[in-house]
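Participant: Dropping in input38.cif, with mmCIF, C-alpha atoms and all ligand atoms.
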data_data
#
loop_
_atom_site.group_PDB
_atom_site.id
_atom_site.type_symbol
_atom_site.label_atom_id
_atom_site.label_comp_id
_atom_site.auth_asym_id
_atom_site.auth_seq_id
_atom_site.Cartn_x
_atom_site.Cartn_y
_atom_site.Cartn_z
ATOM 1 C CA MET A 153 108.538 -195.922 89.011
ATOM 2 C CA LYS A 154 110.411 -194.978 85.920
ATOM 3 C CA LEU A 155 112.881 -192.277 86.598
ATOM 4 C CA ARG A 156 112.198 -189.112 84.730
ATOM 5 C CA TYR A 157 115.785 -188.554 83.767
ATOM 6 C CA SER A 158 115.956 -191.693 81.681
ATOM 7 C CA LEU A 159 113.659 -190.194 79.050
ATOM 8 C CA ALA A 160 113.298 -186.537 79.610
ATOM 9 C CA ILE A 161 116.984 -186.015 79.862
ATOM 10 C CA LEU A 162 117.233 -185.400 76.158
ATOM 11 C CA VAL A 163 115.132 -182.321 76.463
ATOM 12 C CA LEU A 164 117.433 -179.416 77.002
ATOM 13 C CA PHE A 165 116.421 -177.172 79.781
ATOM 14 C CA LEU A 166 116.611 -173.712 78.348
ATOM 15 C CA LEU A 167 117.579 -171.275 80.971
ATOM 16 C CA SER A 168 115.372 -168.344 81.367
ATOM 17 C CA SER A 169 116.827 -164.996 82.171
ATOM 18 C CA CYS A 170 114.313 -164.659 84.964
ATOM 19 C CA TYR A 171 116.387 -167.051 87.068
ATOM 20 C CA GLY A 172 118.409 -164.894 89.363
ATOM 21 C CA ILE A 173 121.254 -165.811 91.635
ATOM 22 C CA GLU A 174 119.703 -165.862 95.047
ATOM 23 C CA ASP A 175 120.129 -166.438 98.694
ATOM 24 C CA GLY A 176 123.154 -164.388 99.483
ATOM 25 C CA VAL A 177 125.756 -166.212 97.454
ATOM 26 C CA VAL A 178 126.469 -163.159 95.388
ATOM 27 C CA GLY A 179 128.897 -160.850 97.050
ATOM 28 C CA GLY A 180 131.392 -163.489 98.043
ATOM 29 C CA LYS A 181 129.503 -165.026 100.944
ATOM 30 C CA LEU A 182 129.055 -168.738 101.288
ATOM 31 C CA PRO A 183 125.750 -169.934 102.662
ATOM 32 C CA ASN A 184 126.171 -170.737 106.327
ATOM 33 C CA PHE A 185 126.254 -174.469 107.056
ATOM 34 C CA ASP A 186 124.817 -174.822 110.558
ATOM 35 C CA GLY A 187 126.569 -177.633 112.418
ATOM 36 C CA GLU A 188 123.984 -177.659 115.202
ATOM 37 C CA ARG A 189 121.138 -178.136 112.747
ATOM 38 C CA ALA A 190 123.035 -180.953 111.064
ATOM 39 C CA TYR A 191 123.661 -182.552 114.451
ATOM 40 C CA LYS A 192 119.940 -182.373 115.209
ATOM 41 C CA ILE A 193 119.317 -184.314 111.990
ATOM 42 C CA VAL A 194 121.608 -187.054 113.305
ATOM 43 C CA VAL A 195 119.698 -187.110 116.614
ATOM 44 C CA ASP A 196 116.382 -187.300 114.755
ATOM 45 C CA GLN A 197 117.532 -190.265 112.689
ATOM 46 C CA VAL A 198 118.879 -192.199 115.657
ATOM 47 C CA SER A 199 115.602 -191.595 117.512
ATOM 48 C CA LEU A 200 113.837 -193.528 114.729
ATOM 49 C CA GLY A 201 115.725 -196.656 115.761
ATOM 50 C CA PRO A 202 117.841 -198.900 113.529
ATOM 51 C CA ARG A 203 117.308 -198.198 109.791
ATOM 52 C CA TYR A 204 118.208 -201.447 108.028
ATOM 53 C CA PRO A 205 115.989 -202.637 105.142
ATOM 54 C CA GLY A 206 112.867 -204.261 106.534
ATOM 55 C CA SER A 207 112.943 -202.381 109.845
ATOM 56 C CA GLU A 208 110.393 -199.789 110.988
ATOM 57 C CA GLY A 209 113.106 -197.175 111.217
ATOM 58 C CA HIS A 210 114.007 -197.795 107.579
ATOM 59 C CA GLU A 211 110.496 -196.792 106.521
ATOM 60 C CA ALA A 212 110.427 -193.870 108.918
ATOM 61 C CA VAL A 213 113.751 -192.401 107.859
ATOM 62 C CA GLN A 214 112.677 -192.386 104.221
ATOM 63 C CA VAL A 215 109.636 -190.322 105.151
ATOM 64 C CA TYR A 216 111.861 -188.028 107.231
ATOM 65 C CA ILE A 217 114.354 -187.441 104.409
ATOM 66 C CA ILE A 218 111.666 -186.861 101.783
ATOM 67 C CA ASP A 219 109.699 -184.450 103.986
ATOM 68 C CA TYR A 220 112.857 -182.515 104.776
ATOM 69 C CA LEU A 221 113.815 -182.155 101.129
ATOM 70 C CA LYS A 222 110.348 -181.083 100.048
ATOM 71 C CA GLN A 223 110.223 -178.508 102.804
ATOM 72 C CA PHE A 224 113.166 -176.766 101.159
ATOM 73 C CA GLY A 225 111.836 -176.891 97.636
ATOM 74 C CA TRP A 226 113.546 -179.969 96.207
ATOM 75 C CA SER A 227 111.780 -182.324 93.832
ATOM 76 C CA VAL A 228 112.084 -185.897 95.064
ATOM 77 C CA GLU A 229 111.793 -189.282 93.393
ATOM 78 C CA GLN A 230 112.184 -192.720 94.876
ATOM 79 C CA GLN A 231 113.911 -195.434 92.946
ATOM 80 C CA LYS A 232 112.526 -198.704 94.283
ATOM 81 C CA ILE A 233 114.320 -201.959 93.664
ATOM 82 C CA GLU A 234 113.541 -205.467 94.821
ATOM 83 C CA TYR A 235 116.667 -207.056 96.272
ATOM 84 C CA GLN A 236 116.691 -210.531 97.806
ATOM 85 C CA GLY A 237 113.070 -210.336 98.869
ATOM 86 C CA LYS A 238 113.350 -206.863 100.409
ATOM 87 C CA GLN A 239 112.427 -203.576 98.868
ATOM 88 C CA ILE A 240 115.234 -201.087 98.810
ATOM 89 C CA SER A 241 114.733 -197.498 97.854
ATOM 90 C CA ASN A 242 117.120 -194.762 96.768
ATOM 91 C CA ILE A 243 115.915 -191.199 97.277
ATOM 92 C CA ILE A 244 116.845 -188.735 94.548
ATOM 93 C CA ALA A 245 116.456 -184.971 94.930
ATOM 94 C CA TYR A 246 117.033 -182.212 92.404
ATOM 95 C CA ARG A 247 116.143 -178.592 91.840
ATOM 96 C CA HIS A 248 115.735 -178.553 88.083
ATOM 97 C CA GLU A 249 113.547 -181.092 86.391
ATOM 98 C CA TYR A 250 115.761 -181.547 83.387
ATOM 99 C CA ILE A 251 119.463 -181.920 83.072
ATOM 100 C CA ASP A 252 121.019 -179.102 81.076
ATOM 101 C CA LEU A 253 123.667 -180.931 79.114
ATOM 102 C CA ASN A 254 125.691 -177.763 78.733
ATOM 103 C CA GLN A 255 126.228 -177.456 82.437
ATOM 104 C CA GLU A 256 128.113 -179.459 84.983
ATOM 105 C CA TRP A 257 126.165 -182.199 86.725
ATOM 106 C CA VAL A 258 127.253 -182.885 90.299
ATOM 107 C CA ILE A 259 125.861 -185.601 92.538
ATOM 108 C CA PHE A 260 126.308 -185.597 96.299
ATOM 109 C CA GLY A 261 125.501 -188.964 97.835
ATOM 110 C CA ALA A 262 125.243 -190.622 101.242
ATOM 111 C CA HIS A 263 123.806 -193.896 102.476
ATOM 112 C CA TYR A 264 120.910 -193.739 104.913
ATOM 113 C CA ASP A 265 120.603 -197.406 105.854
ATOM 114 C CA THR A 266 122.275 -198.750 108.974
ATOM 115 C CA ARG A 267 123.831 -202.112 109.671
ATOM 116 C CA MET A 268 121.598 -204.880 110.938
ATOM 117 C CA VAL A 269 124.157 -206.253 113.381
ATOM 118 C CA SER A 270 127.036 -204.833 115.413
ATOM 119 C CA ASP A 271 129.475 -207.491 114.292
ATOM 120 C CA GLU A 272 132.532 -205.478 115.326
ATOM 121 C CA ASP A 273 131.323 -204.935 118.888
ATOM 122 C CA PRO A 274 134.024 -205.690 121.466
ATOM 123 C CA ASN A 275 131.404 -207.476 123.539
ATOM 124 C CA PRO A 276 130.517 -210.747 121.766
ATOM 125 C CA SER A 277 127.114 -210.919 123.472
ATOM 126 C CA ARG A 278 126.054 -207.665 121.780
ATOM 127 C CA ARG A 279 127.079 -208.548 118.238
ATOM 128 C CA MET A 280 123.558 -209.468 117.169
ATOM 129 C CA GLU A 281 122.207 -206.043 118.110
ATOM 130 C CA PRO A 282 121.672 -203.494 115.332
ATOM 131 C CA VAL A 283 124.063 -200.556 114.899
ATOM 132 C CA PRO A 284 122.479 -197.279 116.100
ATOM 133 C CA GLY A 285 124.156 -195.591 113.132
ATOM 134 C CA ALA A 286 124.733 -192.078 114.438
ATOM 135 C CA ASN A 287 127.929 -191.691 112.446
ATOM 136 C CA ASP A 288 127.592 -194.632 110.040
ATOM 137 C CA GLY A 289 124.386 -193.698 108.246
ATOM 138 C CA GLY A 290 123.286 -190.650 110.215
ATOM 139 C CA SER A 291 126.152 -188.258 109.543
ATOM 140 C CA GLY A 292 126.191 -188.350 105.744
ATOM 141 C CA VAL A 293 122.435 -187.821 105.563
ATOM 142 C CA ALA A 294 122.733 -184.904 107.990
ATOM 143 C CA VAL A 295 125.369 -183.157 105.867
ATOM 144 C CA LEU A 296 123.306 -183.562 102.710
ATOM 145 C CA LEU A 297 120.058 -182.406 104.316
ATOM 146 C CA GLU A 298 121.664 -179.318 105.828
ATOM 147 C CA MET A 299 123.090 -178.568 102.384
ATOM 148 C CA ALA A 300 119.605 -179.013 100.956
ATOM 149 C CA ARG A 301 118.356 -176.315 103.309
ATOM 150 C CA ILE A 302 120.915 -173.713 102.335
ATOM 151 C CA LEU A 303 121.925 -174.510 98.765
ATOM 152 C CA PRO A 304 120.627 -171.798 96.540
ATOM 153 C CA SER A 305 118.826 -172.718 93.393
ATOM 154 C CA ILE A 306 121.752 -172.398 91.051
ATOM 155 C CA PRO A 307 120.493 -171.687 87.553
ATOM 156 C CA ASN A 308 123.365 -173.071 85.554
ATOM 157 C CA MET A 309 124.368 -176.116 87.512
ATOM 158 C CA ASN A 310 122.687 -179.504 87.857
ATOM 159 C CA ILE A 311 122.924 -180.625 91.458
ATOM 160 C CA TRP A 312 121.420 -183.843 92.727
ATOM 161 C CA LEU A 313 121.367 -185.161 96.253
ATOM 162 C CA VAL A 314 121.050 -188.929 96.350
ATOM 163 C CA PHE A 315 120.342 -190.905 99.521
ATOM 164 C CA PHE A 316 121.402 -194.471 98.906
ATOM 165 C CA ASP A 317 119.834 -197.499 100.482
ATOM 166 C CA ALA A 318 121.492 -200.863 101.182
ATOM 167 C CA GLU A 319 125.081 -199.722 101.514
ATOM 168 C CA ASP A 320 125.839 -201.141 104.908
ATOM 169 C CA ASN A 321 124.569 -204.726 105.084
ATOM 170 C CA GLY A 322 127.261 -206.483 103.104
ATOM 171 C CA LYS A 323 128.112 -210.069 104.053
ATOM 172 C CA LEU A 324 124.790 -210.516 105.841
ATOM 173 C CA ASN A 325 122.163 -212.909 104.445
ATOM 174 C CA GLY A 326 124.051 -213.099 101.180
ATOM 175 C CA TRP A 327 123.911 -209.332 100.673
ATOM 176 C CA GLN A 328 126.676 -207.358 99.092
ATOM 177 C CA TRP A 329 127.874 -203.885 100.073
ATOM 178 C CA ALA A 330 126.634 -200.723 98.371
ATOM 179 C CA MET A 331 123.737 -202.298 96.480
ATOM 180 C CA GLY A 332 121.646 -199.124 96.319
ATOM 181 C CA SER A 333 124.318 -197.139 94.521
ATOM 182 C CA ALA A 334 125.039 -200.088 92.207
ATOM 183 C CA ALA A 335 121.366 -200.173 91.187
ATOM 184 C CA PHE A 336 121.354 -196.411 90.728
ATOM 185 C CA VAL A 337 124.395 -196.451 88.456
ATOM 186 C CA ASP A 338 122.918 -199.357 86.494
ATOM 187 C CA GLN A 339 119.927 -197.255 85.547
ATOM 188 C CA LEU A 340 121.817 -194.158 84.456
ATOM 189 C CA THR A 341 121.516 -193.382 80.771
ATOM 190 C CA LEU A 342 123.740 -190.323 81.009
ATOM 191 C CA PHE A 343 126.609 -189.930 83.406
ATOM 192 C CA PRO A 344 127.187 -187.170 85.940
ATOM 193 C CA ASP A 345 130.417 -185.166 85.719
ATOM 194 C CA LYS A 346 131.359 -185.474 89.369
ATOM 195 C CA VAL A 347 130.163 -187.585 92.294
ATOM 196 C CA VAL A 348 131.005 -186.856 95.916
ATOM 197 C CA ILE A 349 130.043 -189.416 98.556
ATOM 198 C CA VAL A 350 130.073 -188.611 102.268
ATOM 199 C CA ASP A 351 130.061 -191.425 104.810
ATOM 200 C CA MET A 352 131.061 -191.516 108.490
ATOM 201 C CA VAL A 353 131.917 -187.835 108.565
ATOM 202 C CA GLY A 354 130.628 -186.941 112.024
ATOM 203 C CA ASP A 355 133.282 -188.375 114.358
ATOM 204 C CA ALA A 356 134.181 -185.785 117.000
ATOM 205 C CA ASP A 357 137.784 -186.937 116.537
ATOM 206 C CA GLN A 358 137.786 -186.254 112.813
ATOM 207 C CA ASN A 359 140.588 -187.386 110.482
ATOM 208 C CA ILE A 360 139.622 -187.559 106.818
ATOM 209 C CA TYR A 361 142.383 -189.029 104.698
ATOM 210 C CA LEU A 362 142.277 -189.325 100.913
ATOM 211 C CA GLU A 363 140.571 -192.600 100.089
ATOM 212 C CA LYS A 364 142.828 -194.528 97.727
ATOM 213 C CA SER A 365 140.369 -195.602 95.044
ATOM 214 C CA SER A 366 138.829 -192.118 94.697
ATOM 215 C CA ASP A 367 139.338 -190.087 91.533
ATOM 216 C CA PRO A 368 142.633 -188.258 92.216
ATOM 217 C CA GLU A 369 141.788 -185.022 90.386
ATOM 218 C CA LEU A 370 138.433 -184.594 92.028
ATOM 219 C CA ALA A 371 139.908 -185.484 95.408
ATOM 220 C CA ALA A 372 142.662 -182.899 94.893
ATOM 221 C CA GLU A 373 140.053 -180.197 94.220
ATOM 222 C CA VAL A 374 138.120 -180.997 97.380
ATOM 223 C CA TRP A 375 141.148 -181.334 99.660
ATOM 224 C CA GLN A 376 142.478 -178.051 98.211
ATOM 225 C CA ALA A 377 139.183 -176.409 99.162
ATOM 226 C CA ALA A 378 139.665 -177.720 102.704
ATOM 227 C CA GLU A 379 143.209 -176.393 102.837
ATOM 228 C CA ASP A 380 142.110 -172.975 101.569
ATOM 229 C CA LEU A 381 139.488 -172.856 104.300
ATOM 230 C CA GLY A 382 142.053 -173.907 106.906
ATOM 231 C CA ILE A 383 140.154 -177.078 107.786
ATOM 232 C CA GLU A 384 142.881 -179.384 109.021
ATOM 233 C CA THR A 385 140.792 -182.492 109.565
ATOM 234 C CA PHE A 386 141.028 -183.116 105.805
ATOM 235 C CA ILE A 387 144.450 -184.722 105.623
ATOM 236 C CA ASN A 388 146.106 -184.681 102.241
ATOM 237 C CA GLU A 389 147.551 -188.200 102.412
ATOM 238 C CA PRO A 390 146.162 -191.338 100.799
ATOM 239 C CA LYS A 391 145.192 -193.962 103.367
ATOM 240 C CA HIS A 392 142.734 -196.873 103.229
ATOM 241 C CA ARG A 393 140.980 -198.270 100.165
ATOM 242 C CA ILE A 394 137.271 -198.599 100.753
ATOM 243 C CA LEU A 395 134.355 -200.146 98.921
ATOM 244 C CA ASP A 396 131.539 -197.635 99.261
ATOM 245 C CA ASP A 397 128.876 -195.839 97.253
ATOM 246 C CA HIS A 398 131.492 -194.221 94.997
ATOM 247 C CA THR A 399 132.696 -197.629 93.752
ATOM 248 C CA ALA A 400 129.891 -198.313 91.253
ATOM 249 C CA PHE A 401 130.466 -194.895 89.674
ATOM 250 C CA LEU A 402 134.202 -195.507 89.365
ATOM 251 C CA MET A 403 133.503 -198.799 87.623
ATOM 252 C CA LYS A 404 131.777 -196.768 84.895
ATOM 253 C CA GLU A 405 134.710 -194.332 84.826
ATOM 254 C CA ILE A 406 132.638 -191.566 86.364
ATOM 255 C CA PRO A 407 134.863 -189.314 88.521
ATOM 256 C CA ALA A 408 133.835 -190.079 92.094
ATOM 257 C CA ILE A 409 135.311 -189.696 95.554
ATOM 258 C CA ASP A 410 134.536 -191.037 98.993
ATOM 259 C CA ILE A 411 134.879 -188.588 101.864
ATOM 260 C CA ILE A 412 135.075 -190.993 104.781
ATOM 261 C CA ASP A 413 136.734 -191.100 108.176
ATOM 262 C CA ILE A 414 137.080 -194.831 108.609
ATOM 263 C CA GLU A 415 139.291 -194.507 111.691
ATOM 264 C CA TYR A 416 136.297 -194.629 113.985
ATOM 265 C CA PRO A 417 136.597 -196.972 116.953
ATOM 266 C CA TYR A 418 132.822 -197.433 117.182
ATOM 267 C CA TRP A 419 132.417 -198.604 113.571
ATOM 268 C CA HIS A 420 129.795 -201.387 113.360
ATOM 269 C CA THR A 421 129.364 -201.493 117.132
ATOM 270 C CA THR A 422 126.500 -200.699 119.501
ATOM 271 C CA GLN A 423 128.517 -197.630 120.515
ATOM 272 C CA ASP A 424 127.980 -195.740 117.257
ATOM 273 C CA THR A 425 125.798 -193.272 119.162
ATOM 274 C CA ILE A 426 125.110 -189.536 119.037
ATOM 275 C CA ASP A 427 127.654 -188.650 121.719
ATOM 276 C CA LYS A 428 130.437 -189.727 119.325
ATOM 277 C CA VAL A 429 129.351 -187.176 116.702
ATOM 278 C CA SER A 430 130.087 -183.466 116.854
ATOM 279 C CA PRO A 431 128.386 -180.494 115.174
ATOM 280 C CA GLN A 432 131.789 -179.057 114.269
ATOM 281 C CA SER A 433 132.839 -182.201 112.390
ATOM 282 C CA LEU A 434 129.640 -182.102 110.347
ATOM 283 C CA LYS A 435 130.194 -178.411 109.660
ATOM 284 C CA ASN A 436 133.778 -179.000 108.514
ATOM 285 C CA VAL A 437 132.536 -181.307 105.800
ATOM 286 C CA GLY A 438 129.583 -179.136 104.821
ATOM 287 C CA ASP A 439 131.782 -176.053 104.570
ATOM 288 C CA VAL A 440 134.331 -177.828 102.397
ATOM 289 C CA LEU A 441 131.665 -179.149 100.030
ATOM 290 C CA LEU A 442 129.969 -175.774 99.687
ATOM 291 C CA PHE A 443 133.246 -173.943 99.155
ATOM 292 C CA TRP A 444 134.392 -176.472 96.583
ATOM 293 C CA LEU A 445 131.045 -176.323 94.784
ATOM 294 C CA LEU A 446 130.437 -172.605 94.845
ATOM 295 C CA ARG A 447 133.713 -170.767 94.797
ATOM 296 C CA GLU A 448 134.328 -171.092 91.093
ATOM 297 C CA HIS A 449 130.716 -170.650 90.303
ATOM 298 C CA PHE A 450 130.272 -167.407 92.127
ATOM 299 C CA LYS A 451 133.904 -166.489 92.525
ATOM 300 C CA VAL A 452 133.469 -166.880 96.265
ATOM 301 C CA GLY A 453 136.668 -166.303 98.167
ATOM 302 C CA GLY A 454 138.473 -165.411 94.961
ATOM 303 C CA ASP A 455 141.692 -163.466 95.111
ATOM 304 C CA GLN A 456 140.305 -160.245 93.778
HETATM 305 ZN ZN ZN B 501 129.068 -199.179 107.825
#
Could you show the structure in this file as C-alpha cells?
Facilitator:
Amino acid sequence: MKLRYSLAILVLFLLSSCYGIEDGVVGGKLPNFDGERAYKIVVDQVSLGPRYPGSEGHEAVQVYIIDYLKQFGWSVEQQKIEYQGKQISNIIAYRHEYIDLNQEWVIFGAHYDTRMVSDEDPNPSRRMEPVPGANDGGSGVAVLLEMARILPSIPNMNIWLVFFDAEDNGKLNGWQWAMGSAAFVDQLTLFPDKVVIVDMVGDADQNIYLEKSSDPELAAEVWQAAEDLGIETFINEPKHRILDDHTAFLMKEIPAIDIIDIEYPYWHTTQDTIDKVSPQSLKNVGDVLLFWLLREHFKVGGDQ
C-alpha cells in the first residue's frame, strides 16, 4: 500500500475554525494517563503469546493495536515490507489526514515485535524459547495506546503514533536490529520535527538514563518535563549508547530520542513477564510525554 503522506503531504491542511480544543486540556489540566489501563494492555499483549514476525501472536497483536487505535478515532495505515522472506508491517496512526507544514510534526514510536529467542537467559536450556516480551515489546505499545485513548485531537499539531515491527530480532537468521523503523524512514519524503521512541519502559524498578546517541536538545526538553513533574526515575545523566528505533531517524539528522531503561535483568530472557512491569512505571513515562507535548501548547502547568 502506498502511504498517503508520500503524495498528499503537499496539500496543506487548512485549519477550520470549527476545530475546538477539547477533552479537558484547556484550563491547565493534563489528560489523565491511567497506569492500570496501560498495564492491562501489556497483559493483553503477553496473552497473545510471542510476537515475532511469522508467529501467530505477531498477526494477533497487529489486529489488537489497530482495533484499539480505531476505537479511539485514529486513522490507521499499515506499511508492509517484505524482509528476508517474511512480511513485516509498521502500523501508523494519525488524527489529521494531511500534514500541516506550518505546524510541528511529532512522532511517538515503539516496537511491537518480540524476540524469537531468549538468548540472554541464565539457563542455557531455555535459550531457544521465545521472549514473552512484557517489558521488551509490550510496555512501549502500552504507553502509546493509552496515549491514543486520552490524547485530544489537537488542531494545530501533527501527531503520529508509529508501532514498529522487526526491531528486536537482530543477529538472528541474518536479520539486523530495528528494520521496521529503517524501512519507515526510507520511505519518508518529508521529515518530522521530533521523534520520541519508548522501549522497555515498564520495569517496576525504573531507572531511565539519557541515552547517549539521542538528540541532546530534545532529550533535555523531555528530562526537564520529568523534573518539573517530580518524576525521579528519569535520571539526567547520559549512560549507555543503544541502537534502537531512533537510530534510523538520527542518521537522517531528524531529532530523535530513545526513552529506554536498559538496566533490566530480564532483558531477552524467558523471565520478561508481566510481574516485572508496574502500572506506575508506565504512568511515569506517559505523564512525562504528555506534559512535554502539551504544556507549551496549552500552557499547562505554566507559571501564571
Ligand atoms: Zn529487545
Participant: Of the residues A:Ala356, A:Leu182, A:Ala262, A:Val350, which is the one nearest to A:Glu448, using all atoms listed in the file?
Facilitator: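 That would be A:Leu182, the residue with the smallest distance to A:Glu448.
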Participant: With the file shown as input, list the residues that the PyMOL selection byres (((not hetatm)) within 8 of (chain B and resi 501)) selects, as a short mmCIF file (atom, residue, chain, number, x, y, z; two decimals) with C-alpha atoms, keeping the file's coordinate frame.
Facilitator:
data_model
loop_
_atom_site.label_atom_id
_atom_site.label_comp_id
_atom_site.auth_asym_id
_atom_site.auth_seq_id
_atom_site.Cartn_x
_atom_site.Cartn_y
_atom_site.Cartn_z
CA THR A 266 122.28 -198.75 108.97
CA ARG A 267 123.83 -202.11 109.67
CA ASP A 288 127.59 -194.63 110.04
CA GLY A 289 124.39 -193.70 108.25
CA GLU A 319 125.08 -199.72 101.51
CA ASP A 320 125.84 -201.14 104.91
CA ASN A 321 124.57 -204.73 105.08
CA MET A 352 131.06 -191.52 108.49
CA TRP A 419 132.42 -198.60 113.57
CA HIS A 420 129.79 -201.39 113.36
#
Participant: In Å, how far is it from atom CA of A:Val314 to atom CA of A:His263?
Facilitator: 8.4 Å
Participant: Could you please determine the separation between atom CA of A:Val194 and atom CA of A:Lys222 in Å, to one decimal place?
Facilitator: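 These atoms are spaced 18.4 Å apart.
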Participant: Pull out every residue that the PyMOL selection byres (((chain A and resi 327) around 12) and not hetatm) matches in the shown coordinates and put them as a list in words.
Facilitator: Pro205, Tyr235, Gln236, Gly237, Lys238, Arg267, Met268, Ala318, Glu319, Asp320, Asn321, Gly322, Lys323, Leu324, Asn325, Gly326, Gln328, Trp329, Ala330, Met331 and Gly332 of chain A
Participant: For the file shown, report as number ranges by chain the outcome of the PyMOL selection byres (((chain A and resi 286) around 10) and not hetatm) at residue level.
Facilitator: A: 191, 193-199, 202, 266, 283-285, 287-292, 294, 352, 354-355, 423-429
Participant: Which one is closest to A:Asp351: A:Glu373, A:Asp380, A:Asp439, A:Asp396? Count all atoms listed in the file.
Facilitator: A:Asp396
Participant: Work out how far apart atom CA of A:Phe386 and atom CA of A:Val348 are and give it in Å to one decimal.
Facilitator: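 Those two atoms sit 14.6 Å apart.
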Participant: Taking only C-alpha atoms into account, which of A:Ile259, A:Ile394, A:Ile302, A:Val353 comes nearest A:Ala408?
Facilitator: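 Counting only C-alpha atoms, the residue closest to A:Ala408 is A:Ile259.
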Participant: Considering only C-alpha atoms, can you say which of A:Lys404, A:Lys435, A:Arg203, A:Arg189 comes closest to A:Pro282?
Facilitator: A:Arg203
Participant: Tell me which protein, DNA and RNA residues are within 6 Å of A:Glu363, counting only C-alpha atoms, leaving out same-chain ones fewer than 5 positions away, and put them as a ChimeraX atom specification.
Facilitator: /A:390-393
Participant: Excluding A:Ile387 and residues on its chain fewer than 5 positions from it, collect all residues at most 8 Å away from it, counting all atoms listed in the file, and give them as JSON, numbers by chain.
Facilitator: {"A": [359, 360, 361, 362, 375]}
Participant: Starting from the point (128.6, -194.4, 91.3), work out which residues of protein, DNA or RNA have an atom no more than 10 Å away when counting all atoms listed in the file; state them as a ChimeraX atom specification.
Facilitator: /A:259,261,330,332-338,340,343-344,346-349,396-409
Participant: Excluding A:Gln358 and residues on its chain fewer than 5 positions from it, collect all residues at most 8 Å away from it, counting all atoms listed in the file, and give them as a compact mmCIF listing (two decimals) with C-alpha atoms, keeping the file's coordinate frame.
Facilitator:
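Okay, selection_8.txt is ready:
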# COMPACT_ATOMS: atom_id res chain seq x y z
CA VAL A 353 131.92 -187.84 108.56
CA THR A 385 140.79 -182.49 109.56
CA ASP A 413 136.73 -191.10 108.18
CA SER A 433 132.84 -182.20 112.39
Participant: What's the 9 Å shell around A:Gly438, counting only C-alpha atoms, without same-chain residues fewer than 5 positions away, as a list in words?
Facilitator: Phe185, Asp186, Gly187, Val295, Leu296, Glu298, Met299, Ser433 and Phe443 of chain A
Participant: Point out the residue among A:Thr422, A:Leu434, A:Gly201, A:Arg247 with the least atom-to-atom distance to A:Ser277, counting all atoms listed in the file.
Facilitator: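 When distances to A:Ser277 are compared using all atoms listed in the file, the smallest one comes from A:Thr422.
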Participant: Some atoms are absent from stretch 319-333 of chain A, so rebuild N, CA and C atoms and return them as a PDB file, in the frame of the given file.
Facilitator:
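So result_26.pdb came out as:
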ATOM      1  N   GLU A 319     123.618-199.790 101.597  1.00  0.00           N
ATOM      2  CA  GLU A 319     125.081-199.722 101.514  1.00  0.00           C
ATOM      3  C   GLU A 319     125.709-200.650 102.537  1.00  0.00           C
ATOM      4  N   ASP A 320     125.089-200.716 103.725  1.00  0.00           N
ATOM      5  CA  ASP A 320     125.839-201.141 104.908  1.00  0.00           C
ATOM      6  C   ASP A 320     125.479-202.525 105.440  1.00  0.00           C
ATOM      7  N   ASN A 321     124.920-203.392 104.589  1.00  0.00           N
ATOM      8  CA  ASN A 321     124.569-204.726 105.084  1.00  0.00           C
ATOM      9  C   ASN A 321     125.276-205.844 104.316  1.00  0.00           C
ATOM     10  N   GLY A 322     126.449-205.501 103.818  1.00  0.00           N
ATOM     11  CA  GLY A 322     127.261-206.483 103.104  1.00  0.00           C
ATOM     12  C   GLY A 322     127.633-207.662 103.994  1.00  0.00           C
ATOM     13  N   LYS A 323     127.721-208.825 103.376  1.00  0.00           N
ATOM     14  CA  LYS A 323     128.112-210.069 104.053  1.00  0.00           C
ATOM     15  C   LYS A 323     127.079-210.553 105.068  1.00  0.00           C
ATOM     16  N   LEU A 324     125.867-210.027 104.983  1.00  0.00           N
ATOM     17  CA  LEU A 324     124.790-210.516 105.841  1.00  0.00           C
ATOM     18  C   LEU A 324     123.714-211.093 104.931  1.00  0.00           C
ATOM     19  N   ASN A 325     123.241-212.271 105.227  1.00  0.00           N
ATOM     20  CA  ASN A 325     122.163-212.909 104.445  1.00  0.00           C
ATOM     21  C   ASN A 325     122.461-212.932 102.953  1.00  0.00           C
ATOM     22  N   GLY A 326     123.702-213.054 102.598  1.00  0.00           N
ATOM     23  CA  GLY A 326     124.051-213.099 101.180  1.00  0.00           C
ATOM     24  C   GLY A 326     124.039-211.736 100.487  1.00  0.00           C
ATOM     25  N   TRP A 327     123.909-210.671 101.272  1.00  0.00           N
ATOM     26  CA  TRP A 327     123.911-209.332 100.673  1.00  0.00           C
ATOM     27  C   TRP A 327     125.330-208.874 100.357  1.00  0.00           C
ATOM     28  N   GLN A 328     125.400-208.009  99.361  1.00  0.00           N
ATOM     29  CA  GLN A 328     126.676-207.358  99.092  1.00  0.00           C
ATOM     30  C   GLN A 328     126.628-205.941  99.650  1.00  0.00           C
ATOM     31  N   TRP A 329     127.798-205.287  99.646  1.00  0.00           N
ATOM     32  CA  TRP A 329     127.874-203.885 100.073  1.00  0.00           C
ATOM     33  C   TRP A 329     127.360-202.989  98.942  1.00  0.00           C
ATOM     34  N   ALA A 330     126.906-201.816  99.322  1.00  0.00           N
ATOM     35  CA  ALA A 330     126.634-200.723  98.371  1.00  0.00           C
ATOM     36  C   ALA A 330     125.734-201.138  97.211  1.00  0.00           C
ATOM     37  N   MET A 331     124.644-201.842  97.538  1.00  0.00           N
ATOM     38  CA  MET A 331     123.737-202.298  96.480  1.00  0.00           C
ATOM     39  C   MET A 331     122.847-201.176  95.933  1.00  0.00           C
ATOM     40  N   GLY A 332     122.503-200.225  96.783  1.00  0.00           N
ATOM     41  CA  GLY A 332     121.646-199.124  96.319  1.00  0.00           C
ATOM     42  C   GLY A 332     122.340-198.300  95.251  1.00  0.00           C
ATOM     43  N   SER A 333     123.591-197.954  95.506  1.00  0.00           N
ATOM     44  CA  SER A 333     124.318-197.139  94.521  1.00  0.00           C
ATOM     45  C   SER A 333     124.589-197.945  93.257  1.00  0.00           C
TER      46      SER A 333
END
